[in-house]
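Report on one structure; see the data block that follows.
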Amino acid sequence: MQTASPPPPTPHVEWLLQGLRELGYEDGRNVAFEIRYGANDAQRLAELATELVRLRVAVIATVGDLATRSAQQATRTIPIVAGVGDPVETGFTASLARPGGNITGVAILAGELAPKRLELLKEVVPKLRRVAVLRDPVTSERQLKVAEAGVRALKLEAQIVEARAPSEFERAFEAVVRGRADALLMLVSPMFLRSHDALIGLAAKNRIPAMYTYRVFAERGGLMAYGPALLDVYRSAAGLIDKILKGAKPAELPWQQPTKFELVINLKTAKALGLTIPQSVLVRADHVIQ
């Protein structure tokens, strides 16, 4: 990678690079990748976006609202391919079908799935009365509103806890335990995805049944996850980058949306928590980890 120091490993980058490799792009042979990582630090992200503009890169790829906003503020001419929750709600585009500016990408819309995740969680934790909702405060407020509406629809109580960096995870879980939540619903955040092992470990340590956003969480030991198939999402993003590099304009490339969603259940984790997954849930699972 063409960086001064190697960036921290992140699933987003790995999936996007895989999608680009499948389209024939190889770093150092026919393309040069400039990878930057700014966590949830708005000032750092702004500096990195300005740096990429100064390097005159052909395309900027971003993940999450904060990074995309930084890139948007840094350039109105360099094409940006973004992976964000709801680009219309967050103001990155006026229309999914006709972007009209220099930003297109994938509208992941994973935050809209909170009510479905809560329904599944309630089936698996039949005594569920109080659910902790873990959010990253730099993400869209809409996510929280959708989750709270889902909590009300199921006649549950919500405990909202926040963490904007991995250093705040321990404190957040301590609050969940003090609040006597019966289970935890994790909202969507690029930072949470990067830190999946730490979050899974804290849920196990505190014996909290948790519903996560993407398959990788259940594969790594989380109880269950429901969300878009992210490899397909980043293949779509890679396809948009490919079209732009071949001359297409982002203003004319409609935003893509996920078409495949996965429910993954980890039976080993369920057993450790003393939970029996109902057959009605197992038959709906796309993948069951024994």
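We name chains A, B, ... following the order of the structure tokens; residues begin at 1 in each chain, and ligands are numbered from 1 as shown.
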Produce a table with one row for each residue of stretch 114-212 of chain A that has an atom at most 8 Å from any atom of stretch 57-76 of chain A, each row naming the nearest atom pair and its distance in Å at one decimal; use only C-alpha atoms; arrange rows by chain and rising residue number; format as a Markdown table.
| residue | atom | partner | partner_atom | distance |
| --- | --- | --- | --- | --- |
| A:Val138 | CA | A:Leu66 | CA | 7.0 |
| A:Thr139 | CA | A:Asp65 | CA | 6.5 |
| A:Ser140 | CA | A:Asp65 | CA | 7.5 |
| A:Ser189 | CA | A:Gly64 | CA | 7.3 |
| A:Pro190 | CA | A:Gly64 | CA | 6.2 |
For A:Arg178: contacts at 12 Å, only C-alpha atoms, fewer than 6 positions along chain excluded, given as a list in words: Ala132, Gln159, Val161, Arg171, Ala172 and Asn206 of chain A
Smallest atom-to-atom distance to A:Arg98: which of A:Pro254, A:Gly19, A:Gly179, A:Pro137, using only C-alpha atoms?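 Smallest distance to A:Arg98 is found for A:Pro254.
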I want to know what sits within 9 Å of A:Leu230, based on only C-alpha atoms, with residues of the same chain fewer than 6 positions away left out; could you give that as a list of chain:residue names? A:His12, A:Trp15, A:Ile108, A:Tyr214, A:Arg215, A:Pro258, A:Lys260, A:Phe261
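Of the listed residues A:Glu141, A:Glu119, A:Asp242, A:Glu252, the one whose atoms come nearest to A:Leu96 is A:Glu252, with distances taken using only C-alpha atoms.
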Name the residues of stretch 46-152 of chain A that fall into alpha helix (DSSP H) according to DSSP on the backbone, using the chain letters and numbers of this document, as number ranges by chain. A: 46-54, 65-74, 114-124, 141-152
With distances taken over only C-alpha atoms, which residue among A:Ala237, A:Ala198, A:Ala218, A:Leu121 lies nearest A:Leu275?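 The closest residue to A:Leu275 is A:Leu121.
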Pick from A:His196, A:Pro126, A:Ala42, A:Thr90, whichever lies nearest to A:Thr276 using only C-alpha atoms: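 Among the listed residues, A:Pro126 lies closest to A:Thr276.
Here the strand (DSSP E or B) residues in stretch 92-133 of chain A, by DSSP on the backbone, are Ile103, Thr104, Gly105, Val106, Ala107, Arg130, Val131, Ala132 and Val133 of chain A.
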Can you pull out every residue within 12 Å of A:Ala272, counting only C-alpha atoms, but drop anything in the same chain fewer than 6 positions away, and send it as a list of chain:residue names?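 Final neighbour list, sorted by chain and number: A:Ala203, A:Ala204, A:Lys205, A:Asn206, A:Arg207, A:Ile208, A:Pro209, A:Gly221, A:Gly222, A:Leu223, A:Asn266.
The environment of A:Val133 within 7 Å, counting only C-alpha atoms and disregarding residues fewer than 2 places along the same chain, consists of Val131, Arg135, Ala158, Gln159, Ile160, Val161, Leu184, Leu185 and Met186 of chain A.
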